[in-house]
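Trainee: Sharing data.txt, compact mmCIF, C-alpha atoms:
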```txt
# COMPACT_ATOMS: atom_id res chain seq x y z
CA ALA A 1 -58.54 29.15 109.26
CA GLN A 2 -57.14 28.51 105.83
CA LYS A 3 -55.97 31.22 103.50
CA VAL A 4 -54.39 31.36 100.07
CA THR A 5 -52.71 34.48 98.76
CA GLN A 6 -51.83 35.17 95.16
CA ALA A 7 -50.18 38.54 95.32
CA GLN A 8 -49.94 39.00 91.56
CA THR A 9 -53.28 40.24 90.28
CA GLU A 10 -52.21 40.56 86.66
CA ILE A 11 -49.16 39.50 84.70
CA SER A 12 -48.48 40.34 81.09
CA VAL A 13 -45.70 38.68 79.12
CA VAL A 14 -44.63 38.27 75.54
CA GLU A 15 -44.89 34.87 73.94
CA LYS A 16 -41.97 32.52 74.67
CA GLU A 17 -41.12 34.24 77.94
CA ASP A 18 -41.06 32.20 81.12
CA VAL A 19 -43.48 33.28 83.82
CA THR A 20 -43.89 32.30 87.47
CA LEU A 21 -47.14 32.62 89.36
CA ASP A 22 -46.77 32.88 93.11
CA CYS A 23 -48.94 31.23 95.74
CA VAL A 24 -48.57 31.43 99.52
CA TYR A 25 -50.88 29.55 101.85
CA GLU A 26 -51.79 29.34 105.52
CA THR A 27 -53.23 26.35 107.32
CA ARG A 28 -53.14 24.76 110.77
CA ASP A 29 -53.57 21.28 109.35
CA THR A 30 -50.68 18.87 109.04
CA THR A 31 -52.35 17.06 106.17
CA TYR A 32 -53.56 19.18 103.32
CA TYR A 33 -53.61 19.39 99.56
CA LEU A 34 -52.60 22.15 97.19
CA PHE A 35 -53.93 22.69 93.70
CA TRP A 36 -53.61 24.84 90.66
CA TYR A 37 -56.56 25.47 88.36
CA LYS A 38 -56.78 27.36 85.09
CA GLN A 39 -59.87 29.34 84.16
CA PRO A 40 -60.06 30.33 80.49
CA PRO A 41 -62.61 32.93 79.34
CA SER A 42 -65.22 30.19 78.98
CA GLY A 43 -65.37 30.06 82.77
CA GLU A 44 -64.78 26.39 83.46
CA LEU A 45 -62.05 25.63 85.97
CA VAL A 46 -59.50 23.22 84.55
CA PHE A 47 -57.52 21.11 87.00
CA LEU A 48 -53.73 21.33 86.51
CA ILE A 49 -52.08 19.70 89.50
CA ARG A 50 -52.58 18.40 93.03
CA ARG A 51 -49.92 18.10 95.70
CA ASN A 52 -50.26 16.68 99.18
CA SER A 53 -48.44 18.12 102.15
CA PHE A 54 -46.11 15.15 102.51
CA ASP A 55 -44.73 15.33 99.02
CA GLU A 56 -42.36 18.24 98.50
CA GLN A 57 -40.91 17.01 95.25
CA ASN A 58 -41.09 19.48 92.45
CA GLU A 59 -43.00 18.41 89.41
CA ILE A 60 -42.66 19.09 85.73
CA SER A 61 -45.30 18.43 83.12
CA GLY A 62 -44.35 19.63 79.69
CA ARG A 63 -43.99 23.42 79.85
CA TYR A 64 -45.46 23.51 83.35
CA SER A 65 -43.54 23.08 86.58
CA TRP A 66 -44.40 23.49 90.23
CA ASN A 67 -42.21 24.33 93.19
CA PHE A 68 -43.63 23.31 96.56
CA GLN A 69 -41.74 24.60 99.59
CA LYS A 70 -43.30 23.76 102.91
CA SER A 71 -40.75 25.86 104.82
CA THR A 72 -42.07 29.02 103.19
CA SER A 73 -45.65 27.77 102.67
CA SER A 74 -45.40 28.42 98.97
CA PHE A 75 -46.54 26.53 95.92
CA ASN A 76 -45.38 28.42 92.85
CA PHE A 77 -46.23 27.63 89.26
CA THR A 78 -43.92 28.28 86.31
CA ILE A 79 -44.84 28.23 82.64
CA THR A 80 -41.83 27.89 80.38
CA ALA A 81 -41.90 29.36 76.87
CA SER A 82 -45.37 30.79 77.34
CA GLN A 83 -47.90 30.69 74.52
CA VAL A 84 -50.93 32.82 73.72
CA VAL A 85 -53.18 29.88 74.65
CA ASP A 86 -51.85 30.09 78.19
CA SER A 87 -53.74 33.33 78.67
CA ALA A 88 -56.24 32.71 81.46
CA VAL A 89 -56.86 33.28 85.14
CA TYR A 90 -54.90 30.87 87.30
CA PHE A 91 -56.04 29.90 90.76
CA CYS A 92 -54.10 28.32 93.55
CA ALA A 93 -56.24 26.41 96.06
CA LEU A 94 -55.87 24.65 99.38
CA SER A 95 -57.89 21.82 100.83
CA GLU A 96 -57.84 20.23 104.24
CA ALA A 97 -58.51 16.55 104.46
CA LEU A 98 -61.70 15.85 106.35
CA GLN A 99 -61.97 12.29 107.53
CA ILE A 100 -65.56 11.30 107.90
CA GLN A 101 -66.17 7.63 108.57
CA GLU A 102 -64.58 5.81 105.70
CA THR A 103 -64.61 8.53 103.16
CA SER A 104 -62.76 11.76 102.86
CA GLY A 105 -64.24 15.01 101.77
CA SER A 106 -62.90 18.45 101.44
CA ARG A 107 -63.57 21.94 100.34
CA LEU A 108 -61.30 24.18 98.37
CA THR A 109 -60.09 27.54 99.58
CA PHE A 110 -59.05 29.55 96.56
CA GLY A 111 -56.64 32.40 96.15
CA GLU A 112 -57.71 35.58 94.41
CA GLY A 113 -56.40 34.41 91.08
CA THR A 114 -53.75 35.77 88.71
CA GLN A 115 -54.79 37.00 85.29
CA LEU A 116 -52.06 35.95 82.87
CA THR A 117 -51.97 37.58 79.46
CA VAL A 118 -49.53 36.26 76.90
CA ASN A 119 -49.08 38.62 73.98
CA PRO A 120 -47.94 37.45 70.55
CA LYS B 1 -67.14 10.11 79.64
CA ALA B 2 -69.30 13.21 79.84
CA GLY B 3 -68.11 16.00 82.10
CA VAL B 4 -69.99 17.92 84.73
CA THR B 5 -73.03 19.63 83.28
CA GLN B 6 -74.84 22.61 84.69
CA THR B 7 -78.16 24.05 83.68
CA PRO B 8 -79.09 26.64 82.82
CA ARG B 9 -75.92 28.31 81.63
CA TYR B 10 -77.34 31.81 81.92
CA LEU B 11 -80.13 33.17 84.05
CA ILE B 12 -81.58 36.61 84.66
CA LYS B 13 -83.77 37.21 87.69
CA THR B 14 -85.06 40.19 89.63
CA ARG B 15 -84.58 41.00 93.28
CA GLY B 16 -86.82 39.05 95.60
CA GLN B 17 -87.27 36.10 93.26
CA GLN B 18 -85.88 32.66 93.88
CA VAL B 19 -83.78 30.51 91.59
CA THR B 20 -82.82 26.85 91.28
CA LEU B 21 -79.64 25.73 89.58
CA SER B 22 -78.92 22.18 88.54
CA CYS B 23 -75.73 20.13 88.38
CA SER B 24 -75.17 16.66 86.97
CA PRO B 25 -71.86 15.17 88.10
CA ILE B 26 -69.61 12.90 86.12
CA SER B 27 -71.04 9.40 86.02
CA GLY B 28 -69.96 7.48 89.11
CA HIS B 29 -69.00 10.56 91.10
CA ARG B 30 -70.75 10.75 94.43
CA SER B 31 -69.67 14.11 95.75
CA VAL B 32 -70.94 17.44 94.48
CA SER B 33 -69.68 20.80 95.67
CA TRP B 34 -70.93 24.27 94.85
CA TYR B 35 -68.91 27.46 94.62
CA GLN B 36 -69.81 31.09 94.03
CA GLN B 37 -67.49 33.30 92.01
CA THR B 38 -67.80 37.08 92.09
CA PRO B 39 -65.32 39.83 91.13
CA GLY B 40 -65.29 41.14 94.69
CA GLN B 41 -65.16 37.97 96.77
CA GLY B 42 -63.52 35.59 94.33
CA LEU B 43 -64.27 31.88 94.52
CA GLN B 44 -66.06 30.85 97.68
CA PHE B 45 -67.25 27.46 98.82
CA LEU B 46 -70.99 27.12 99.33
CA PHE B 47 -71.59 23.50 100.31
CA GLU B 48 -70.77 19.90 99.55
CA TYR B 49 -73.13 16.95 99.22
CA PHE B 50 -72.28 13.30 99.43
CA SER B 51 -74.82 10.46 99.31
CA GLU B 52 -77.69 12.92 99.54
CA THR B 53 -76.31 14.48 102.73
CA GLN B 54 -74.79 17.90 103.18
CA ARG B 55 -71.35 17.22 104.62
CA ASN B 56 -69.76 20.60 104.53
CA LYS B 57 -71.06 24.13 104.44
CA GLY B 58 -69.46 27.48 103.72
CA ASN B 59 -70.25 30.81 105.29
CA PHE B 60 -73.37 31.81 103.39
CA PRO B 61 -76.79 32.88 104.67
CA GLY B 62 -79.67 30.46 104.91
CA ARG B 63 -81.11 31.80 101.66
CA PHE B 64 -78.64 29.49 99.96
CA SER B 65 -79.62 25.86 100.14
CA GLY B 66 -79.06 22.71 98.21
CA ARG B 67 -79.87 19.08 97.92
CA GLN B 68 -78.62 15.95 96.25
CA PHE B 69 -80.68 13.19 94.72
CA SER B 70 -80.09 9.46 94.76
CA ASN B 71 -78.50 9.64 91.30
CA SER B 72 -75.98 12.19 92.69
CA ARG B 73 -77.46 15.06 90.71
CA SER B 74 -77.62 18.20 92.79
CA GLU B 75 -79.59 21.39 92.89
CA MET B 76 -78.94 24.61 94.68
CA ASN B 77 -81.58 27.15 95.49
CA VAL B 78 -81.29 30.82 96.33
CA SER B 79 -84.36 32.47 97.77
CA THR B 80 -85.16 36.17 98.01
CA LEU B 81 -82.47 37.13 95.54
CA GLU B 82 -80.33 40.18 96.17
CA LEU B 83 -78.23 42.16 93.72
CA GLY B 84 -75.11 40.79 95.37
CA ASP B 85 -76.09 37.25 94.41
CA SER B 86 -75.13 37.99 90.82
CA ALA B 87 -72.28 35.60 90.20
CA LEU B 88 -70.96 32.59 88.37
CA TYR B 89 -72.06 29.48 90.25
CA LEU B 90 -69.75 26.56 89.72
CA CYS B 91 -70.45 22.96 90.50
CA ALA B 92 -67.72 20.38 90.99
CA SER B 93 -67.89 16.62 91.28
CA SER B 94 -65.40 14.14 92.62
CA LEU B 95 -65.07 10.43 93.05
CA LEU B 96 -64.37 9.83 96.70
CA GLY B 97 -62.57 6.79 97.94
CA SER B 98 -61.53 5.59 101.36
CA TYR B 99 -58.98 7.89 102.96
CA SER B 100 -57.95 9.29 99.65
CA TYR B 101 -58.45 12.58 97.95
CA ASN B 102 -59.76 12.87 94.46
CA GLU B 103 -59.70 15.88 92.20
CA GLN B 104 -62.75 18.03 91.83
CA PHE B 105 -63.88 18.42 88.24
CA PHE B 106 -65.74 21.61 87.53
CA GLY B 107 -68.66 22.30 85.27
CA PRO B 108 -68.95 25.36 83.00
CA GLY B 109 -70.99 27.25 85.57
CA THR B 110 -74.30 29.08 85.62
CA ARG B 111 -74.08 32.84 85.20
CA LEU B 112 -76.79 34.41 87.37
CA THR B 113 -77.65 38.05 86.95
CA VAL B 114 -79.97 39.70 89.45
CA LEU B 115 -81.59 42.95 88.33
```
Kindly present the structure from the file in structure tokens form.

Mentor:
Amino acid sequence: AQKVTQAQTEISVVEKEDVTLDCVYETRDTTYYLFWYKQPPSGELVFLIRRNSFDEQNEISGRYSWNFQKSTSSFNFTITASQVVDSAVYFCALSEALQIQETSGSRLTFGEGTQLTVNP
Amino acid sequence: KAGVTQTPRYLIKTRGQQVTLSCSPISGHRSVSWYQQTPGQGLQFLFEYFSETQRNKGNFPGRFSGRQFSNSRSEMNVSTLELGDSALYLCASSLLGSYSYNEQFFGPGTRLTVL
């Protein structure tokens, strides 16, 4: 069974602070994918990043960076110099790769989410 | 390119009624997945449809069902509504290729309230 744990329920920071959101996952699969999504108050989930289990390189995109460590089953997300617009609920998710004929499908297992509030 | 659209955006029903929610995926996307989001259970996978066939199903009772049409649009139905069915129902579409994974793009959701 797959499981994603986001131990931080709520985080509150002051603008320009750096903040790291933790994500720990469990899976029996050797091939899997990890994701981060952002959910602003409007409710729509916004895709941020995808990582597959064979690629442990860290990634940086602007103020966002991700640290994937297979040895500890963690996929942490850091926002540098946070801004008020970063306030949202952030979800980490895991997907196994289901091979069905010539197409692949999957379903996402989400963590509980971390409510990030950035205060001015 | 238009994103994933869901209708209606808000819905109020009473216990025992049934409801149908609609999802139109991004043009060209063939897979549609449905998720339920509640404060208590978080985001949970309901089912996935691909080429009008249900390929994957979460752990929900049979009151929850869905279907996909030839144009990839999808509907989900909940019969005999219970108070606990109050939730945000999110639809996601993806463009599936051979042995590759594609991101799921989510719609704005339908907020269902059961009274």

Trainee: Quick one: which residues from chain B are at most 12 Å off chain A, using only C-alpha atoms, as a VMD selection string?

Mentor: chain B and resid 3 to 6 9 30 to 51 54 to 58 87 to 111

Trainee: Which protein, DNA or RNA residues are at most 8 Å from (-55.8, 23.7, 111.3) in the file's coordinates when you count only C-alpha atoms, listed as a list of chain:residue names?

Mentor: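 Residues with an atom at most 8 Å from (-55.8, 23.7, 111.3): A:Ala1, A:Gln2, A:Thr27, A:Arg28, A:Asp29, A:Thr30.
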
Trainee: Which is closer to A:Gln83 than all the others in A:Asp22, A:Tyr64, A:Asn58, A:Arg51, using all atoms listed in the file?

Mentor: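 Smallest separation from A:Gln83 among the options: A:Tyr64.
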
Trainee: May I ask for the distance between atom CA of B:Arg67 and atom CA of B:Ser24, given in Å to one decimal place?

Mentor: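 These two atoms are separated by 12.2 Å.
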
Trainee: Return the single residue from A:Val4, A:Val118, A:Val13, A:Ile79 that is closest to A:Glu26, with distances computed using all atoms listed in the file.

Mentor: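 Of A:Val4, A:Val118, A:Val13, A:Ile79, the one nearest A:Glu26, counting all atoms listed in the file, is A:Val4.
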
Trainee: Which one of A:Ser73, A:Thr80, A:Thr20, A:Ser65 sits closest to A:Ser53 if you count only C-alpha atoms?

Mentor: A:Ser73

Trainee: Write out as a ChimeraX atom specification the residues lying within 6 Å of A:Trp66, counting only C-alpha atoms and excluding same-chain residues fewer than 3 positions away.

Mentor: /A:58-59,76-77

Trainee: Using all atoms listed in the file, collect all residues at a distance of at most 12 Å from (-79.0, 28.6, 106.9) as written in the file, then present them as an NGL selection string.

Mentor: :B and (46-47 or 57-66 or 77-79)

Trainee: Give the answer as one residue: which of A:Ser82, A:Gln69, A:Ser74, A:Ser61 has the shortest atom-to-atom distance to A:Leu116, using only C-alpha atoms?

Mentor: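 With only C-alpha atoms as the atom set, the closest residue is A:Ser82.
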
Trainee: Taking 3 positions as the minimum chain separation for residues in the same chain, which residues sit within 6 Å of stretch 21-23 of chain B when counting only C-alpha atoms? Answer as a PyMOL selection string.

Mentor: chain B and resi 5-7+73-76

Trainee: By how many Å are atom CA of B:Thr14 and atom CA of B:Gly84 apart?

Mentor: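 It comes out at 11.5 Å.
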
Trainee: Atom CA of A:Thr72 and atom CA of A:Glu56 are how many Å apart?

Mentor: 11.8 Å
